[in-house]
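Single-structure report; data block below.
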Amino acid sequence: MPIRIEFYDTTLRDGAQSEGVAFSLNDKLIATRKLDELGIDYIEGGYPASNEKDKSYFESVASKPPRRAQICAFGMTRRKGVDVESDAGLAQLLASSAPILTIVGKASQYQAESALCVDPAENLAMIRETIAKAVEVGKRVFFDAEHYFDGWKENEEYALATLRAAVEGGAEAIVLCDTNGGALPEEIERGSKAAFEELSSLARGIAPTLGIHAHNDCGLAIANTLAAIRSGATLVQGTMNGLGERCGNADLIVVAAILALKSGGKYDVLRPESIERLTEASRFFYELTNVNPNAHQPFVGKSAFVHKGGMHVSGVNRDSATYEHIPPESVGNERRILVSELSGKSNILAWAKKYRLEETGPLDPQMIETILNAVAQKESEGYQYEAAEGSFKLLVSKLKGEFQPSFRRLNYQTSVVVNVVNESLTTNATVATVKLRVGKRGEIRHEVAEGDGPVDALNNALRKALQPIYPELGEVKLVDYKVRVLNSDAATAATTRVIIESKDGDERWSTVGVSENVVEASWIALCDSIEYKLSKALKGRS
């Protein structure tokens with residue numbers, strides 16, 4: 001039978017300690033539902049003794065608990081010199097509606113003496129008595145053995161004594177913490193084995209569950225988590241996308257994918273259908289936390305299954321296993337073939353298939369060579385088509401002689417008027433004027449529009465000129481705008497690359513423009529975006 005590995009998510013507590021991340025109460029409730037749907041076993045909602053928001057979270061989630069996941073509240077042992085009946089922070093923790101309390105205590109003699117200023121015996125009493133009190137009032141208790149691995153290297157006997165104290169208090173799970181994130185996998189493996197053997201020797205019937213909580217300060221949180229599992233850990237603490245203080249925690253998304261897909265069926269994690277939803281879950285939490293996605297995140301990153309070199313693409317076209325360790329769809333991701341100056345014919349053929357570039361006829365070898373040369377030439381000017389498939393499709397259409405422009409620009413201009421009200425206050429207005437020759441009849445359209453900056457004003461003027469003739473443009477929205485300076489050493493004369501992402505009711509597409517003038521680069525990308533939409537619409541009409 002596969003070994004069940006339980007997942008304990010601490011995104012809402014430890015993940016919230018990431019720089020720039022903050023959850024509202026509603027965010028935490030939405031995240032709880034998502035984690036429950038994913039199949040997370042335990043959700044750590046926060047620290048009820050620290051703030052009103054976390055107290056409100058536990059009250060709210062108690063009224064509508066998750067279907068499957070169990071809610072945990074985080075807290076600390078009693079303070080030194082204060083009995084469990086008199087500790088105000090512990091009282092708030094015990095009053096929480098969470099059925100499980102995760103109580104953190106020092107598993108390092110050095111940390112106990114230096115950070116808490118308590119003697120070793122008092123530290124053991126704090127652990128034992130706090131857990132015993134929680135069990136007495138009907139709570140299940142997990143013990144987070146903080147600094148366990150550092151403590152185990154310093155004084156093995158004392159580190160194990162803290163685990164014994166937790167078990168004597170009634171803890172049902174012991175979580176070994178690499179709190180500073182400085183341990184190596186071989187140290188994690190040895191320390192975990194020592195803990196596993198100690199807990200097994202204490203067991204009267206069923207031994208406490210052994211868990212792991214790894215930080216990523218050496219880039220080893222996932223490797224250390226796997227090392228602990230090899231040594232007997234069956235409870236994994238971590239966060240979505242590896243969020244967490246400093247360098248973050250173990251990424252549960254990646255850990256789940258590894259255990260489910262790379263262990264030969266040895267482990268059972270989450271739900272059977274959850275693995276195919278990992279990419280969706282990862283992107284959901286990037287959006288919720290307003291953190292830019294890591295394109296190179298294993299398994300679920302946008303670049304995880306991207307192929308650029310011609311030899312790689314040729315191999316993948318024949319057999320995806322030549323350059324992919326798993327099928328991308330097994331984690332809900334997708335294969336992407338890039339077209340650049342490094343491309344070979346295989347890349348062009350892959351793009352032709354993906355974007356249906358051969359609908360009007362196959363690409364012969366000469367045309368493929370023409371496309372490759374054009375891409376290389378345009379990239380030498382600063383263009384990049386890897387993230388601008390809309391512009392690439394238009395380029396191919398032009399090279400094949402199929403492109404019929406829906407409009408031609410005659411001229412445009414933008415102006416920004418700044419009014420100085422006083423030394424600390426200015427107001428400004430941006431106006432754009434465009435003059436276009438539109439449609440087969442060559443109608444001249446001359447329009448003026450205002451906007452929040454020159455690019456917005458240009459977009460508004462273009463729409464104003466074109467939409468009466470092409471009402472389909474009413475469906476198009478600009479959803480992203482990126483500017484990249486290509487040669488910053490040229491200072492204000494630097495070349496800029498602008499990528500604009502647009503969408504309608506059916507799809508998203510990106511277009512690119514390059515110029516020493518950022519407004520001109522934006523104009524080129526805007527025009528490509530509109531031409532791409534109109535080429536789709538006109539094709540649909542025919």
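Letters for chains follow the order of the structure tokens (A, B, ...), residue numbers begin at 1 for each chain, and ligand numbers begin at 1 in the order shown.
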Contacts of Ala88 of chain A at 12 Å (only C-alpha atoms; same-chain gap of 4+ positions) as a list in words
Pro48, Ala49, Ser50, Gly75, Met76, Thr77, Arg78, Arg79, Val82, Asp83, Val84, Gln92, Leu93, Leu94 and Ala95 of chain A
Would you please give, as a PyMOL selection string, all residues of segment 223-432 of chain A that DSSP assigns to helix (DSSP H, G or I) based on the backbone?
chain A and resi 223-230+240-242+252-261+275-289+310-318+320-322+328-331+345-354+365-380+389-399
Give me a file of those residues, with C-alpha atoms, as a compact mmCIF listing (two decimals), in the first residue's frame.
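In the end it all went to out_6.txt:
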```txt
# COMPACT_ATOMS: atom_id res chain seq x y z
CA ALA A 223 15.43 18.37 -0.82
CA ASN A 224 15.36 18.51 2.99
CA THR A 225 11.66 17.69 3.05
CA LEU A 226 12.25 14.62 0.89
CA ALA A 227 15.19 13.59 3.11
CA ALA A 228 12.93 13.70 6.17
CA ILE A 229 10.28 11.62 4.38
CA ARG A 230 12.90 8.98 3.57
CA MET A 240 1.89 27.38 -1.71
CA ASN A 241 4.64 28.44 -4.12
CA GLY A 242 7.21 28.36 -1.29
CA LEU A 252 4.02 22.18 -1.33
CA ILE A 253 3.15 22.42 -5.03
CA VAL A 254 6.52 20.96 -6.03
CA VAL A 255 6.66 18.48 -3.15
CA ALA A 256 3.24 17.12 -4.14
CA ALA A 257 4.28 16.73 -7.78
CA ILE A 258 7.49 14.92 -6.85
CA LEU A 259 5.83 12.50 -4.44
CA ALA A 260 2.91 11.79 -6.77
CA LEU A 261 4.79 11.50 -10.06
CA ILE A 275 -2.11 16.72 -9.22
CA GLU A 276 -3.59 17.80 -12.56
CA ARG A 277 -4.73 21.01 -10.84
CA LEU A 278 -1.35 22.02 -9.40
CA THR A 279 -0.64 24.63 -12.08
CA GLU A 280 -4.06 26.18 -11.57
CA ALA A 281 -3.56 26.23 -7.78
CA SER A 282 -0.10 27.77 -8.08
CA ARG A 283 -1.36 30.59 -10.30
CA PHE A 284 -4.35 31.16 -8.04
CA PHE A 285 -2.07 31.82 -5.06
CA TYR A 286 0.25 34.07 -7.06
CA GLU A 287 -2.80 36.12 -7.98
CA LEU A 288 -4.18 36.14 -4.44
CA THR A 289 -0.88 37.25 -2.93
CA GLY A 310 16.00 23.73 -32.59
CA MET A 311 17.50 20.35 -31.62
CA HIS A 312 15.32 20.20 -28.49
CA VAL A 313 12.18 21.05 -30.43
CA SER A 314 12.99 18.47 -33.09
CA GLY A 315 13.34 15.83 -30.37
CA VAL A 316 10.14 16.82 -28.59
CA ASN A 317 8.21 16.77 -31.86
CA ARG A 318 9.26 13.15 -32.31
CA SER A 320 8.19 14.48 -25.86
CA ALA A 321 10.10 12.25 -23.40
CA THR A 322 13.37 13.22 -25.10
CA PRO A 328 3.10 18.79 -18.89
CA GLU A 329 -0.62 18.05 -18.71
CA SER A 330 -0.06 15.69 -15.76
CA VAL A 331 0.28 18.81 -13.57
CA LYS A 345 12.90 24.55 -38.68
CA SER A 346 11.31 22.34 -36.02
CA ASN A 347 10.32 25.41 -34.00
CA ILE A 348 8.60 27.00 -36.98
CA LEU A 349 6.78 23.77 -37.78
CA ALA A 350 5.69 23.43 -34.14
CA TRP A 351 4.35 26.98 -34.12
CA ALA A 352 2.67 26.43 -37.47
CA LYS A 353 0.80 23.49 -35.98
CA LYS A 354 -0.05 25.24 -32.69
CA PRO A 365 11.12 24.66 -46.93
CA GLN A 366 11.82 27.98 -48.64
CA MET A 367 9.10 29.77 -46.65
CA ILE A 368 10.37 28.24 -43.40
CA GLU A 369 13.84 29.57 -44.23
CA THR A 370 12.34 32.98 -45.02
CA ILE A 371 10.54 33.05 -41.67
CA LEU A 372 13.70 32.04 -39.78
CA ASN A 373 15.72 34.77 -41.49
CA ALA A 374 13.03 37.38 -40.80
CA VAL A 375 12.87 36.42 -37.13
CA ALA A 376 16.65 36.65 -36.82
CA GLN A 377 16.65 40.07 -38.51
CA LYS A 378 13.84 41.43 -36.36
CA GLU A 379 15.42 40.11 -33.17
CA SER A 380 18.67 41.87 -34.09
CA GLU A 389 2.58 35.31 -30.65
CA GLY A 390 0.12 37.83 -32.13
CA SER A 391 2.90 39.79 -33.81
CA PHE A 392 4.55 36.56 -34.97
CA LYS A 393 1.38 35.37 -36.69
CA LEU A 394 1.06 38.74 -38.41
CA LEU A 395 4.71 38.54 -39.52
CA VAL A 396 4.15 35.11 -41.08
CA SER A 397 0.99 36.32 -42.77
CA LYS A 398 2.93 39.23 -44.28
CA LEU A 399 5.77 36.99 -45.46
```
Excluding same-chain residues fewer than 5 positions from Asn180 of chain A, what lies within 10 Å of it counting only C-alpha atoms, as a list in words?
Glu146, His147, Phe149, Asp150, Ala214, His215, Asn216, Asp217, Cys218 and Arg246 of chain A
Can you tell me, as a PyMOL selection string, which residues in segment 46-218 of chain A count as strand (DSSP E) by DSSP?
chain A and resi 46+70-76+100-106+140-146+173-178+209-214
Hey, what's within 12 Å of Val518 of chain A if we count only C-alpha atoms and toss same-chain stuff fewer than 4 positions away? As JSON, numbers by chain, please?
{"A": [454, 455, 481, 482, 483, 484, 485, 486, 492, 493, 494, 495, 496, 497, 498, 499, 512, 513, 514, 522, 523, 524, 525]}
For segment 468-477 of chain A, work out the shell of residues within 9 Å, counting only C-alpha atoms and skipping chain neighbours fewer than 3 positions away, then give it as a list in words.
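The filter keeps Val438, Gly439, Arg463, Lys464, Ala465, Glu501, Ser502, Lys503, Asp504, Gly505, Ile530, Lys533, Leu534 and Ala537 of chain A.
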Mind checking which residues fall within 12 Å of Pro2 of chain A, counting only C-alpha atoms, ignoring those fewer than 3 positions away in the same chain, and posting them as an MDAnalysis selection string?
chainID A and resid 5 234 259:260 263:269
With distances taken over only C-alpha atoms, which residue among A:Glu168, A:Val434, A:Ala62, A:Gly219 lies nearest Ala183 of chain A?
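Among the listed residues, the smallest separation from Ala183 of chain A belongs to A:Gly219.
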Nearest to Ile222 of chain A, restricted to only C-alpha atoms and choosing among A:Leu210, A:Ala194, A:Ala22, A:Ile188, comes out as A:Ile188
Between atom CA of Thr239 of chain A and atom CA of Arg13 of chain A, what distance in Å does the model show, to one decimal?
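Atom CA of Thr239 of chain A sits 9.3 Å away from atom CA of Arg13 of chain A.
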Report as a PyMOL selection string all protein, DNA and RNA residues lying within 8 Å of Ala432 of chain A, evaluated on only C-alpha atoms, omitting residues in the same chain fewer than 3 positions from it.
chain A and resi 412-415+448-451+454+457-458+461
Would you compute the distance between atom CA of Val61 of chain A and atom CA of Leu29 of chain A? Give it in Å to one decimal.
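Atom-to-atom, atom CA of Val61 of chain A and atom CA of Leu29 of chain A are spaced 7.2 Å apart.
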Between A:Gly232, A:Met126, A:His296, A:Arg67, single out the one closest to Glu197 of chain A, counting only C-alpha atoms.
A:Gly232
Please, what distance in Å, to one decimal, runs between atom CA of Glu516 of chain A and atom CA of Gly401 of chain A?
28.5 Å
Give one line per residue of segment 21-61 of chain A that approaches segment 101-109 of chain A to at most 12 Å, naming the two atoms of the closest pair and their distance in Å to one decimal, counting only C-alpha atoms; sort by chain then ascending residue number and deliver it as a tab-separated table.
```
residue	atom	partner	partner_atom	distance
A:Tyr42	CA	A:Thr102	CA	10.7
A:Ile43	CA	A:Thr102	CA	10.7
A:Glu44	CA	A:Thr102	CA	8.2
A:Gly45	CA	A:Leu101	CA	10.5
A:Gly46	CA	A:Thr102	CA	10.0
A:Tyr47	CA	A:Thr102	CA	9.6
A:Pro48	CA	A:Leu101	CA	10.6
A:Phe58	CA	A:Leu101	CA	11.9
```
